[in-house]
>>> print(open('structure-v2.csv').read())   # CSV, C-alpha atoms
chain,number,residue,atom,x,y,z
A,191,MET,CA,-3.8,88.5,390.8
A,192,LYS,CA,-1.3,86.1,389.2
A,193,CYS,CA,-0.7,85.1,385.6
A,194,ARG,CA,-2.2,81.7,384.9
A,195,VAL,CA,0.9,80.7,382.9
A,196,CYS,CA,3.9,82.1,384.8
A,197,ARG,CA,2.5,83.2,388.2
A,198,GLU,CA,3.9,86.7,387.7
A,199,PRO,CA,1.6,89.7,388.5
A,200,ALA,CA,-1.3,89.8,386.0
A,201,VAL,CA,-2.5,92.8,384.1
A,202,ILE,CA,-5.8,91.5,382.9
A,203,ALA,CA,-8.5,89.1,384.0
A,204,LEU,CA,-10.5,87.2,381.4
A,205,ARG,CA,-13.5,86.1,383.3
A,206,ARG,CA,-14.9,84.1,380.4
A,207,HIS,CA,-11.8,81.9,380.6
A,208,ASN,CA,-11.5,82.1,384.4
A,209,ALA,CA,-7.9,83.2,383.7
A,210,ASN,CA,-5.5,86.1,384.4
A,211,PHE,CA,-2.5,87.0,382.3
A,212,CYS,CA,0.6,89.0,382.5
A,213,SER,CA,1.4,91.2,379.5
A,214,ASP,CA,3.6,88.8,377.6
A,215,HIS,CA,1.2,85.8,378.1
A,216,PHE,CA,-1.8,87.9,377.2
A,217,LEU,CA,-0.2,88.9,373.9
A,218,ARG,CA,0.7,85.3,373.3
A,219,TYR,CA,-2.9,84.3,374.1
A,220,CYS,CA,-4.2,86.8,371.5
A,221,ARG,CA,-1.9,85.5,368.7
A,222,GLN,CA,-2.9,81.9,369.6
A,223,GLN,CA,-6.6,82.7,369.3
A,224,VAL,CA,-6.1,84.3,365.9
A,225,ASP,CA,-3.8,81.4,364.7
A,226,ARG,CA,-6.5,78.9,365.8
A,227,VAL,CA,-9.2,80.7,363.8
A,228,ILE,CA,-7.0,80.8,360.7
A,229,ASP,CA,-6.3,77.1,361.1
A,230,ASP,CA,-9.9,76.0,362.0
A,231,TYR,CA,-11.3,77.7,358.9
A,232,ASP,CA,-8.3,77.2,356.5
A,233,MET,CA,-8.4,81.0,356.0
A,234,PHE,CA,-5.0,81.5,354.3
A,235,ALA,CA,-2.4,79.4,352.6
A,236,PRO,CA,1.3,80.1,353.0
A,237,GLY,CA,2.5,82.9,350.7
A,238,GLU,CA,-0.9,84.3,350.0
A,239,ARG,CA,-1.3,88.1,349.8
A,240,LEU,CA,-3.8,89.6,352.2
A,241,LEU,CA,-5.4,93.0,352.2
A,242,VAL,CA,-6.4,94.3,355.6
A,243,ALA,CA,-9.3,96.8,355.7
A,244,VAL,CA,-7.9,99.3,358.2
A,245,SER,CA,-9.8,102.1,359.8
A,246,GLY,CA,-7.4,103.4,362.5
A,247,GLY,CA,-9.5,101.7,365.2
A,248,LYS,CA,-8.2,99.1,367.6
A,249,ASP,CA,-9.5,96.0,365.8
A,250,SER,CA,-8.1,96.6,362.3
A,251,LEU,CA,-4.7,97.7,363.7
A,252,ALA,CA,-4.7,94.7,366.1
A,253,VAL,CA,-5.5,92.2,363.3
A,254,TRP,CA,-2.9,93.7,361.0
A,255,ASP,CA,-0.3,93.6,363.8
A,256,ILE,CA,-1.1,90.0,364.7
A,257,LEU,CA,-1.0,88.8,361.1
A,258,ARG,CA,2.4,90.5,360.7
A,259,GLU,CA,3.6,88.8,363.9
A,260,LEU,CA,2.4,85.5,362.6
A,261,GLY,CA,4.4,86.0,359.4
A,262,TYR,CA,1.6,86.8,356.9
A,263,ALA,CA,2.2,89.2,354.0
A,264,ALA,CA,-0.5,91.8,354.6
A,265,ASP,CA,-1.0,95.2,353.1
A,266,GLY,CA,-3.5,97.8,354.3
A,267,LEU,CA,-6.4,99.6,352.6
A,268,TYR,CA,-7.9,102.7,354.2
A,269,VAL,CA,-11.1,104.3,352.9
A,270,GLY,CA,-11.4,108.1,353.5
A,271,LEU,CA,-15.0,108.6,354.6
A,272,GLY,CA,-14.9,112.3,354.9
A,273,ILE,CA,-16.4,112.4,358.5
A,274,ASP,CA,-14.9,115.7,359.6
A,275,ASP,CA,-12.0,115.6,362.0
A,276,TYR,CA,-12.8,112.0,362.9
A,277,SER,CA,-11.5,110.8,359.5
A,278,ASP,CA,-8.4,112.9,359.7
A,279,VAL,CA,-7.5,111.6,363.1
A,280,SER,CA,-8.3,108.0,362.2
A,281,LEU,CA,-6.0,108.2,359.2
A,282,SER,CA,-3.2,109.6,361.3
A,283,PHE,CA,-3.3,106.5,363.5
A,284,VAL,CA,-3.1,104.3,360.4
A,285,THR,CA,-0.1,106.2,358.9
A,286,ASP,CA,1.7,106.2,362.2
A,287,PHE,CA,1.4,102.4,362.4
A,288,VAL,CA,2.4,102.1,358.7
A,289,SER,CA,5.5,104.2,359.3
A,290,ARG,CA,6.5,102.4,362.4
A,291,HIS,CA,6.4,99.0,360.8
A,292,GLY,CA,7.3,99.8,357.2
A,293,LEU,CA,4.1,98.5,355.8
A,294,GLU,CA,2.3,99.3,352.5
A,295,LEU,CA,-1.0,101.2,352.6
A,296,THR,CA,-3.4,102.2,349.9
A,297,ILE,CA,-5.8,105.1,350.5
A,298,VAL,CA,-9.1,105.4,348.6
A,299,ASP,CA,-10.8,108.7,349.4
A,300,LEU,CA,-14.5,108.6,348.6
A,301,ALA,CA,-14.7,112.3,347.8
A,302,ASP,CA,-11.7,112.2,345.5
A,303,SER,CA,-12.6,109.0,343.8
A,304,TYR,CA,-16.4,109.0,343.7
A,305,GLY,CA,-17.5,112.6,344.4
A,306,PHE,CA,-19.2,112.0,347.7
A,307,ASP,CA,-18.5,111.4,351.4
A,308,VAL,CA,-20.5,109.6,354.1
A,309,PRO,CA,-22.3,112.7,355.5
A,310,SER,CA,-23.3,113.8,352.1
A,311,ALA,CA,-24.5,110.3,351.2
A,312,ALA,CA,-26.6,110.1,354.3
A,313,GLU,CA,-28.2,113.4,353.4
A,314,ALA,CA,-28.8,112.5,349.8
A,315,THR,CA,-30.3,109.1,350.5
A,316,GLY,CA,-32.2,110.0,353.7
A,317,ARG,CA,-30.8,106.8,355.3
A,318,VAL,CA,-28.6,106.4,358.4
A,319,PRO,CA,-24.9,107.2,357.7
A,320,CYS,CA,-23.8,103.6,358.6
A,321,SER,CA,-25.7,102.3,355.7
A,322,ALA,CA,-23.8,104.3,353.0
A,323,CYS,CA,-20.6,103.8,355.0
A,324,GLY,CA,-20.9,100.0,355.0
A,325,LEU,CA,-21.9,99.8,351.4
A,326,SER,CA,-19.0,102.1,350.3
A,327,LYS,CA,-16.4,100.2,352.3
A,328,ARG,CA,-17.5,96.8,351.1
A,329,HIS,CA,-17.4,98.0,347.5
A,330,VAL,CA,-14.0,99.6,347.8
A,331,PHE,CA,-12.5,96.7,349.7
A,332,ASP,CA,-13.8,94.1,347.2
A,333,LYS,CA,-12.7,96.1,344.1
A,334,ALA,CA,-9.2,96.8,345.6
A,335,ALA,CA,-8.7,93.2,346.4
A,336,VAL,CA,-9.8,91.9,343.0
A,337,ASP,CA,-7.9,94.6,341.1
A,338,GLY,CA,-4.8,94.3,343.2
A,339,GLY,CA,-4.7,90.5,342.9
A,340,TYR,CA,-5.0,89.9,346.6
A,341,ASP,CA,-6.1,86.4,347.8
A,342,ALA,CA,-8.3,87.7,350.6
A,343,VAL,CA,-9.8,90.7,352.3
A,344,VAL,CA,-9.2,90.7,356.1
A,345,THR,CA,-11.4,92.6,358.4
A,346,GLY,CA,-11.1,93.3,362.2
A,347,HIS,CA,-14.5,92.0,363.2
A,348,ASN,CA,-14.3,90.6,366.7
A,349,LEU,CA,-16.4,88.4,368.9
A,350,ASP,CA,-18.6,91.3,370.1
A,351,ASP,CA,-19.2,92.4,366.5
A,352,GLU,CA,-20.2,89.0,365.4
A,353,ALA,CA,-22.4,88.3,368.5
A,354,ALA,CA,-24.1,91.7,368.1
A,355,VAL,CA,-24.8,91.1,364.3
A,356,LEU,CA,-26.1,87.6,365.1
A,357,TYR,CA,-28.3,89.0,367.9
A,358,GLY,CA,-29.7,91.6,365.5
A,359,ASN,CA,-30.3,89.1,362.7
A,360,VAL,CA,-32.1,86.7,365.1
A,361,MET,CA,-34.2,89.5,366.5
A,362,ARG,CA,-35.5,90.2,363.0
A,363,TRP,CA,-35.2,86.7,361.7
A,364,GLN,CA,-33.1,87.7,358.8
A,365,VAL,CA,-32.6,84.2,357.5
A,366,ASP,CA,-30.8,85.2,354.3
A,367,TYR,CA,-28.2,87.0,356.4
A,368,LEU,CA,-27.9,84.3,359.0
A,369,GLY,CA,-26.8,81.8,356.4
A,370,ARG,CA,-23.7,83.7,355.6
A,371,GLN,CA,-22.6,84.9,359.0
A,372,ARG,CA,-19.4,82.9,359.1
A,373,PRO,CA,-15.7,83.8,359.9
A,374,LEU,CA,-14.8,82.9,356.3
A,375,LEU,CA,-16.6,83.6,353.1
A,376,GLU,CA,-15.0,82.0,350.1
A,377,ALA,CA,-14.5,83.9,346.9
A,378,ARG,CA,-17.4,83.6,344.5
A,379,ASP,CA,-19.0,85.2,341.5
A,380,GLY,CA,-16.3,88.0,341.3
A,381,PHE,CA,-16.3,88.7,345.1
A,382,PRO,CA,-13.0,88.1,346.9
A,383,ARG,CA,-12.5,85.8,349.8
A,384,LYS,CA,-13.3,87.5,353.1
A,385,ALA,CA,-11.8,86.5,356.5
A,386,LYS,CA,-12.4,87.6,360.1
A,387,PRO,CA,-9.5,86.2,362.1
A,388,LEU,CA,-10.4,88.1,365.3
A,389,VAL,CA,-13.7,86.3,366.0
A,390,ARG,CA,-12.2,84.5,369.1
A,391,LEU,CA,-11.2,87.8,370.7
A,392,THR,CA,-13.6,90.2,372.4
A,393,GLU,CA,-13.5,93.9,371.9
A,394,ARG,CA,-12.0,94.4,375.4
A,395,GLU,CA,-9.3,91.9,374.4
A,396,THR,CA,-8.4,93.6,371.1
A,397,ALA,CA,-8.3,97.0,373.0
A,398,ALA,CA,-6.0,95.5,375.7
A,399,TYR,CA,-3.8,94.0,373.0
A,400,CYS,CA,-3.3,97.5,371.4
A,401,VAL,CA,-2.6,99.1,374.8
A,402,LEU,CA,0.0,96.4,375.7
A,403,ARG,CA,1.6,96.5,372.2
A,404,GLY,CA,1.8,100.4,372.4
A,405,ILE,CA,-0.5,100.8,369.4
A,406,ASP,CA,-2.2,104.1,369.4
A,407,TYR,CA,-5.7,104.0,367.9
A,408,GLN,CA,-8.8,106.1,367.4
A,409,VAL,CA,-10.6,105.8,370.8
A,410,GLU,CA,-13.4,108.2,370.2
A,411,GLU,CA,-16.5,106.8,368.7
A,412,CYS,CA,-17.5,107.7,365.2
A,413,PRO,CA,-19.8,110.7,365.5
A,414,MET,CA,-22.0,109.1,362.8
A,415,ALA,CA,-22.4,105.8,364.7
A,416,ILE,CA,-23.4,107.2,368.1
A,417,GLY,CA,-26.7,105.7,369.2
A,418,ASN,CA,-26.9,103.2,366.4
A,419,LYS,CA,-28.6,99.8,366.8
A,420,HIS,CA,-25.4,97.9,366.7
A,421,LEU,CA,-24.0,99.7,369.8
A,422,GLY,CA,-27.3,99.0,371.6
A,423,PHE,CA,-27.0,95.3,370.9
A,424,LYS,CA,-23.4,95.2,372.2
A,425,GLU,CA,-24.4,97.0,375.4
A,426,ALA,CA,-27.2,94.5,375.9
A,427,LEU,CA,-24.9,91.5,375.4
A,428,ASN,CA,-22.3,93.0,377.7
A,429,LEU,CA,-25.0,93.2,380.5
A,430,LEU,CA,-25.5,89.4,380.0
A,431,GLU,CA,-21.7,88.9,379.8
A,432,ASP,CA,-21.2,90.7,383.1
A,433,ARG,CA,-23.7,88.4,384.9
A,434,SER,CA,-22.7,85.3,383.0
A,435,PRO,CA,-19.1,85.4,381.6
A,436,GLY,CA,-18.8,83.5,378.4
A,437,SER,CA,-22.3,84.2,377.2
A,438,LYS,CA,-21.2,86.0,374.0
A,439,ALA,CA,-18.9,83.2,373.0
A,440,GLU,CA,-21.5,80.5,373.7
A,441,PHE,CA,-24.1,82.4,371.7
A,442,TYR,CA,-21.8,82.9,368.6
A,443,PHE,CA,-19.8,79.7,368.6
A,444,GLY,CA,-22.8,77.6,369.4
A,445,TYR,CA,-24.5,79.2,366.4
A,446,LEU,CA,-21.5,78.3,364.2
A,447,LYS,CA,-21.3,74.8,365.5
A,448,ARG,CA,-24.9,73.8,365.6
A,449,VAL,CA,-27.1,76.2,363.6
A,450,VAL,CA,-25.5,78.1,360.7
A,451,ASP,CA,-25.6,75.2,358.3
A,452,ARG,CA,-29.4,75.1,358.7
A,453,PHE,CA,-29.7,78.5,357.2
A,454,THR,CA,-27.5,77.9,354.1
A,455,ASP,CA,-30.5,77.2,352.0
A,456,PHE,CA,-31.9,80.6,352.7
A,457,GLU,CA,-28.9,82.4,351.2
A,458,ASP,CA,-29.7,84.2,348.1
A,459,ARG,CA,-27.6,82.5,345.5
A,460,GLY,CA,-29.3,83.8,342.4
A,461,SER,CA,-27.1,84.4,339.4
A,462,LEU,CA,-25.2,87.6,339.3
A,463,GLY,CA,-24.6,89.9,336.4
A,464,THR,CA,-22.0,92.6,335.9
A,465,CYS,CA,-22.5,96.3,336.8
A,466,PRO,CA,-22.2,98.2,333.5
A,467,SER,CA,-20.7,101.2,335.4
A,468,CYS,CA,-18.0,99.6,337.6
A,469,GLY,CA,-17.8,96.0,336.5
A,470,SER,CA,-18.6,94.6,339.9
A,471,PRO,CA,-20.9,91.6,340.3
A,472,THR,CA,-24.5,92.5,341.0
A,473,ASP,CA,-28.0,91.0,341.2
A,474,ALA,CA,-29.5,94.3,339.8
A,475,GLU,CA,-29.1,96.1,336.6
A,476,THR,CA,-26.7,98.6,338.3
A,477,CYS,CA,-24.8,97.7,341.5
A,478,ALA,CA,-25.9,99.3,344.8
A,479,PHE,CA,-22.7,101.3,345.1
A,480,CYS,CA,-23.1,102.9,341.6
A,481,ARG,CA,-26.7,103.7,342.4
A,482,LEU,CA,-25.4,105.4,345.6
A,483,VAL,CA,-22.8,107.4,343.6
A,484,SER,CA,-25.5,108.5,341.2
A,485,ARG,CA,-27.9,109.6,344.0
A,486,THR,CA,-25.1,111.6,345.7
A,487,ALA,CA,-24.0,113.5,342.7
A,488,GLY,CA,-23.7,117.1,343.6
A,489,HIS,CA,-23.7,116.5,347.4
A,490,SER,CA,-19.9,116.1,347.8
A,491,GLN,CA,-17.9,118.1,350.3
A,492,PRO,CA,-14.2,118.6,349.9
A,493,VAL,CA,-12.0,116.5,352.2
A,494,ALA,CA,-8.4,117.4,353.1
A,495,PHE,CA,-6.1,114.9,354.7
A,496,THR,CA,-3.1,116.4,356.4
A,497,THR,CA,-1.2,113.4,357.9
A,498,ARG,CA,0.2,111.0,355.3
A,499,ASN,CA,3.4,109.2,354.8
A,500,GLU,CA,4.0,109.6,351.1
A,501,ALA,CA,6.8,107.1,351.1
A,502,THR,CA,4.6,104.2,351.9
A,503,VAL,CA,1.1,105.4,350.9
A,504,ARG,CA,-0.5,105.0,347.5
A,505,GLN,CA,-3.3,107.4,346.8
A,506,HIS,CA,-6.1,106.0,344.6
B,268,MET,CA,-7.4,110.8,391.8
B,269,LYS,CA,-7.6,112.2,388.3
B,270,VAL,CA,-9.8,110.0,386.0
B,271,LEU,CA,-9.9,110.6,382.2
B,272,LEU,CA,-13.1,109.5,380.7
B,273,ARG,CA,-13.8,109.2,376.9
B,274,ASN,CA,-16.6,109.7,374.4
B,275,PRO,CA,-16.3,112.6,374.9
B,276,SER,CA,-12.9,113.1,376.6
B,277,ARG,CA,-13.2,114.7,380.0
B,278,GLU,CA,-11.4,114.6,383.3
B,279,ILE,CA,-13.0,114.1,386.7
B,280,GLU,CA,-11.6,114.0,390.3
B,281,ILE,CA,-12.5,111.1,392.6
B,282,PRO,CA,-11.2,110.8,396.2
B,283,GLY,CA,-8.9,107.9,396.8
B,284,PRO,CA,-7.7,105.4,397.7
B,285,MET,CA,-10.2,103.1,396.0
B,286,SER,CA,-10.1,99.8,394.3
B,287,VAL,CA,-10.6,99.6,390.5
B,288,THR,CA,-13.7,97.4,391.0
B,289,LYS,CA,-15.2,99.9,393.4
B,290,LEU,CA,-14.4,102.9,391.1
B,291,LEU,CA,-16.1,101.2,388.2
B,292,ARG,CA,-19.2,100.5,390.3
B,293,LYS,CA,-19.2,104.1,391.6
B,294,LEU,CA,-19.2,105.4,388.0
B,295,ASP,CA,-21.8,102.8,387.0
B,296,LEU,CA,-19.5,101.3,384.3
B,297,ASN,CA,-19.7,97.7,383.1
B,298,ARG,CA,-16.3,96.0,383.6
B,299,GLU,CA,-16.8,94.1,380.3
B,300,SER,CA,-17.0,97.4,378.4
B,301,VAL,CA,-14.0,99.3,379.7
B,302,LEU,CA,-10.2,99.1,380.3
B,303,VAL,CA,-8.5,100.9,383.2
B,304,ILE,CA,-5.1,102.3,382.0
B,305,GLY,CA,-2.3,104.0,383.9
B,306,SER,CA,1.3,104.7,382.9
B,307,GLY,CA,0.8,103.2,379.5
B,308,THR,CA,-0.3,99.8,380.8
B,309,LEU,CA,-3.4,98.0,382.1
B,310,ILE,CA,-4.5,98.2,385.7
B,311,PRO,CA,-6.1,95.0,386.9
B,312,ALA,CA,-9.4,95.0,388.7
B,313,ASP,CA,-8.0,94.1,392.1
B,314,SER,CA,-5.6,97.0,392.2
B,315,MET,CA,-5.9,99.8,394.8
B,316,LEU,CA,-5.8,103.3,393.2
B,317,ALA,CA,-4.0,106.0,395.4
B,318,ASP,CA,-5.5,109.4,395.9
B,319,ASP,CA,-2.9,111.0,393.6
B,320,ALA,CA,-3.3,108.4,390.9
B,321,GLU,CA,-3.9,109.5,387.3
B,322,ILE,CA,-5.8,106.9,385.2
B,323,GLU,CA,-7.8,106.6,382.1
B,324,ILE,CA,-11.0,104.6,381.8
B,325,ARG,CA,-11.3,103.7,378.2
B,326,PRO,CA,-14.5,102.3,376.6
B,327,VAL,CA,-13.9,99.4,374.3
B,328,ILE,CA,-17.2,99.2,372.5
B,329,SER,CA,-17.2,100.6,369.0
B,330,GLY,CA,-20.2,100.9,366.7
B,331,GLY,CA,-18.6,100.8,363.3
>>> encode(input="structure-v2.csv", output="structure tokens")
Amino acid sequence: MKCRVCREPAVIALRRHNANFCSDHFLRYCRQQVDRVIDDYDMFAPGERLLVAVSGGKDSLAVWDILRELGYAADGLYVGLGIDDYSDVSLSFVTDFVSRHGLELTIVDLADSYGFDVPSAAEATGRVPCSACGLSKRHVFDKAAVDGGYDAVVTGHNLDDEAAVLYGNVMRWQVDYLGRQRPLLEARDGFPRKAKPLVRLTERETAAYCVLRGIDYQVEECPMAIGNKHLGFKEALNLLEDRSPGSKAEFYFGYLKRVVDRFTDFEDRGSLGTCPSCGSPTDAETCAFCRLVSRTAGHSQPVAFTTRNEATVRQH
Amino acid sequence: MKVLLRNPSREIEIPGPMSVTKLLRKLDLNRESVLVIGSGTLIPADSMLADDAEIEIRPVISGG
């Protein structure tokens, strides 16, 4: 198996591109794919400050590394979710990366800052943990970006993530969600700009990027996410991908090219007020996150982080 | 060969030599959902794995 570019021995085959790459040319391919997304969607202007939502997993560390390699000024934000040892280990991968590259990281710990963690929120609300987790992370990312004067929040959503969400939204015909499933959401009504520069890379490619770059990341699955619907959608799409390479990309990019604009009118663009508790934009009297905080009062469990680089980490 | 599997982490022994493609088929793993790693780098699908090889088969799907 030879590299498509240099004919040296290849380390990875990308069947969807009918191409094999050596390590150097695969890393260059990944950077080119990210650069292309940034360019196609005018995601960032030169000199803008970016805030990367980083979890310790392959995607967020890969996007932070690639943005750095491409010359963007990007800081990190980690949200302590309080999911037993899983959160401690995840944070250690983030702080190792930060130390290695001399980056700036802010940590917001849910238990310290808001008095609950994800397991206790799931118990208090009676809903799946991923629901409270997603709501909390979105709130913390948005608030940190606005308060910190960042120009955009960057997330590590990859092609598999986006194809799986699209599949789920189509299965349930969630037309209001379909209208806003784009790689770039502009800032509006007090929400920061949100960008997903990894959408041209599959999960297998971001994992391969980390291996070849020597980036250690949290390989184990979140114990709260095991068996969730999102994972099931990804497995189903990978069965199709195995039989017909390129299916996920055709599904997602075909949607962006030919369909998404048809759903714009379904987006809920009602006027937003301000949450009296936290000041965030909301379409309700109190925002969903503050309602979650209120419901979880008294359910918090103490969380102790043991791995932290105090020189580069700000605790909020 | 020694094969490290994840989620949860565990090690199994498989007799070699065997190609990566055949190993994944034997373990009923989708090649789109895993990477095969040895000595800190990727092992391509057409490689032959020796009987004394030590490899990791790393899942790449995450549910967050």
>>> closest_atom_pairs(input="structure-v2.csv", of="region 225-261 of chain A", to="region 324-338 of chain A", cutoff="9 Å", atoms="all atoms listed in the file", output="CSV")
residue,atom,partner,partner_atom,distance
A:Leu240,CA,A:Ala335,CA,8.4
A:Leu241,CA,A:Ala335,CA,6.7
A:Val242,CA,A:Phe331,CA,8.8
A:Ala243,CA,A:Phe331,CA,6.8
>>> residues_around(input="structure-v2.csv", residues="region 322-329 of chain B", least_positions_apart="3", cutoff="7 Å", atoms="only C-alpha atoms", output="list in words")
Glu393, Arg394, Ala397, Glu411 and Leu421 of chain A; Lys269, Val270, Leu271, Leu272, Arg273, Ser300, Val301, Leu302, Val303, Ile304 and Gly305 of chain B
>>> closest_atom_pairs(input="structure-v2.csv", of="chain A", to="chain B", cutoff="10 Å", atoms="all atoms listed in the file", output="CSV")
residue,atom,partner,partner_atom,distance
A:Met191,CA,B:Asp313,CA,7.1
A:Pro199,CA,B:Pro311,CA,9.5
A:Ala200,CA,B:Pro311,CA,7.1
A:Val201,CA,B:Pro311,CA,5.1
A:Ile202,CA,B:Pro311,CA,5.3
A:Ala203,CA,B:Pro311,CA,7.0
A:Leu204,CA,B:Glu299,CA,9.4
A:Arg205,CA,B:Glu299,CA,9.2
A:Asn210,CA,B:Pro311,CA,9.3
A:Phe211,CA,B:Pro311,CA,9.9
A:Cys212,CA,B:Leu309,CA,9.9
A:Ser213,CA,B:Leu309,CA,8.7
A:Ser245,CA,B:Gly331,CA,9.6
A:Gly247,CA,B:Ser329,CA,8.7
A:Lys248,CA,B:Val327,CA,8.8
A:Asp249,CA,B:Ser329,CA,9.5
A:Cys320,CA,B:Gly331,CA,7.5
A:Cys323,CA,B:Gly331,CA,9.0
A:Gly324,CA,B:Gly331,CA,8.6
A:His347,CA,B:Gly331,CA,9.7
A:Asp350,CA,B:Ile328,CA,8.4
A:Asp351,CA,B:Gly330,CA,8.6
A:Thr392,CA,B:Glu299,CA,9.4
A:Glu393,CA,B:Val327,CA,6.0
A:Arg394,CA,B:Val327,CA,5.5
A:Glu395,CA,B:Val327,CA,8.8
A:Thr396,CA,B:Val327,CA,8.6
A:Ala397,CA,B:Val327,CA,6.2
A:Ala398,CA,B:Leu302,CA,7.2
A:Tyr399,CA,B:Leu309,CA,9.9
A:Val401,CA,B:Thr308,CA,6.5
A:Leu402,CA,B:Thr308,CA,6.1
A:Arg403,CA,B:Thr308,CA,9.4
A:Gly404,CA,B:Gly307,CA,7.7
A:Val409,CA,B:Arg273,CA,7.7
A:Glu410,CA,B:Asn274,CA,5.5
A:Glu411,CA,B:Ser329,CA,6.2
A:Cys412,CA,B:Gly331,CA,7.2
A:Pro413,CA,B:Asn274,CA,9.5
A:Met414,CA,B:Gly331,CA,9.0
A:Ala415,CA,B:Gly330,CA,5.7
A:Ile416,CA,B:Gly330,CA,7.2
A:Gly417,CA,B:Gly330,CA,8.5
A:Asn418,CA,B:Gly330,CA,7.1
A:Lys419,CA,B:Gly330,CA,8.5
A:His420,CA,B:Gly330,CA,6.0
A:Leu421,CA,B:Gly330,CA,5.0
A:Gly422,CA,B:Gly330,CA,8.8
A:Phe423,CA,B:Gly330,CA,9.8
A:Lys424,CA,B:Ile328,CA,7.4
A:Glu425,CA,B:Ser300,CA,8.0
A:Leu427,CA,B:Glu299,CA,9.8
A:Asn428,CA,B:Glu299,CA,6.2
A:Leu429,CA,B:Asn297,CA,7.4
A:Leu430,CA,B:Glu299,CA,9.9
A:Glu431,CA,B:Glu299,CA,7.2
A:Asp432,CA,B:Glu299,CA,6.2
A:Pro435,CA,B:Glu299,CA,9.1
>>> write_last_selection(input="structure-v2.csv", atoms="C-alpha atoms", output="CSV table (one decimal), keeping the file's coordinate frame")
chain,number,residue,atom,x,y,z
A,191,MET,CA,-3.8,88.5,390.8
A,199,PRO,CA,1.6,89.7,388.5
A,200,ALA,CA,-1.3,89.8,386.0
A,201,VAL,CA,-2.5,92.8,384.1
A,202,ILE,CA,-5.8,91.5,382.9
A,203,ALA,CA,-8.5,89.1,384.0
A,204,LEU,CA,-10.5,87.2,381.4
A,205,ARG,CA,-13.5,86.1,383.3
A,210,ASN,CA,-5.5,86.1,384.4
A,211,PHE,CA,-2.5,87.0,382.3
A,212,CYS,CA,0.6,89.0,382.5
A,213,SER,CA,1.4,91.2,379.5
A,245,SER,CA,-9.8,102.1,359.8
A,247,GLY,CA,-9.5,101.7,365.2
A,248,LYS,CA,-8.2,99.1,367.6
A,249,ASP,CA,-9.5,96.0,365.8
A,320,CYS,CA,-23.8,103.6,358.6
A,323,CYS,CA,-20.6,103.8,355.0
A,324,GLY,CA,-20.9,100.0,355.0
A,347,HIS,CA,-14.5,92.0,363.2
A,350,ASP,CA,-18.6,91.3,370.1
A,351,ASP,CA,-19.2,92.4,366.5
A,392,THR,CA,-13.6,90.2,372.4
A,393,GLU,CA,-13.5,93.9,371.9
A,394,ARG,CA,-12.0,94.4,375.4
A,395,GLU,CA,-9.3,91.9,374.4
A,396,THR,CA,-8.4,93.6,371.1
A,397,ALA,CA,-8.3,97.0,373.0
A,398,ALA,CA,-6.0,95.5,375.7
A,399,TYR,CA,-3.8,94.0,373.0
A,401,VAL,CA,-2.6,99.1,374.8
A,402,LEU,CA,0.0,96.4,375.7
A,403,ARG,CA,1.6,96.5,372.2
A,404,GLY,CA,1.8,100.4,372.4
A,409,VAL,CA,-10.6,105.8,370.8
A,410,GLU,CA,-13.4,108.2,370.2
A,411,GLU,CA,-16.5,106.8,368.7
A,412,CYS,CA,-17.5,107.7,365.2
A,413,PRO,CA,-19.8,110.7,365.5
A,414,MET,CA,-22.0,109.1,362.8
A,415,ALA,CA,-22.4,105.8,364.7
A,416,ILE,CA,-23.4,107.2,368.1
A,417,GLY,CA,-26.7,105.7,369.2
A,418,ASN,CA,-26.9,103.2,366.4
A,419,LYS,CA,-28.6,99.8,366.8
A,420,HIS,CA,-25.4,97.9,366.7
A,421,LEU,CA,-24.0,99.7,369.8
A,422,GLY,CA,-27.3,99.0,371.6
A,423,PHE,CA,-27.0,95.3,370.9
A,424,LYS,CA,-23.4,95.2,372.2
A,425,GLU,CA,-24.4,97.0,375.4
A,427,LEU,CA,-24.9,91.5,375.4
A,428,ASN,CA,-22.3,93.0,377.7
A,429,LEU,CA,-25.0,93.2,380.5
A,430,LEU,CA,-25.5,89.4,380.0
A,431,GLU,CA,-21.7,88.9,379.8
A,432,ASP,CA,-21.2,90.7,383.1
A,435,PRO,CA,-19.1,85.4,381.6
>>> atom_distance(input="structure-v2.csv", atom1="CA of Glu259 (chain A)", atom2="CA of Tyr407 (chain A)")
18.3 Å
>>> atom_distance(input="structure-v2.csv", atom1="CA of Glu238 (chain A)", atom2="CA of Phe287 (chain A)")
22.1 Å
>>> atom_distance(input="structure-v2.csv", atom1="CA of Glu321 (chain B)", atom2="CA of Met268 (chain B)")
5.8 Å
>>> residues_around(input="structure-v2.csv", residues="Pro373 (chain A)", least_positions_apart="6", cutoff="9 Å", atoms="only C-alpha atoms", output="list in words")
Val227, Tyr231, Met233, His347, Glu352, Lys384, Ala385, Lys386, Pro387, Leu388 and Val389 of chain A
>>> residues_around(input="structure-v2.csv", residues="Val308 (chain A)", least_positions_apart="3", cutoff="12 Å", atoms="only C-alpha atoms", output="ChimeraX atom specification")
/A:269-274,276-277,299-301,304-305,311-327,412-415,482-483,486,489-493
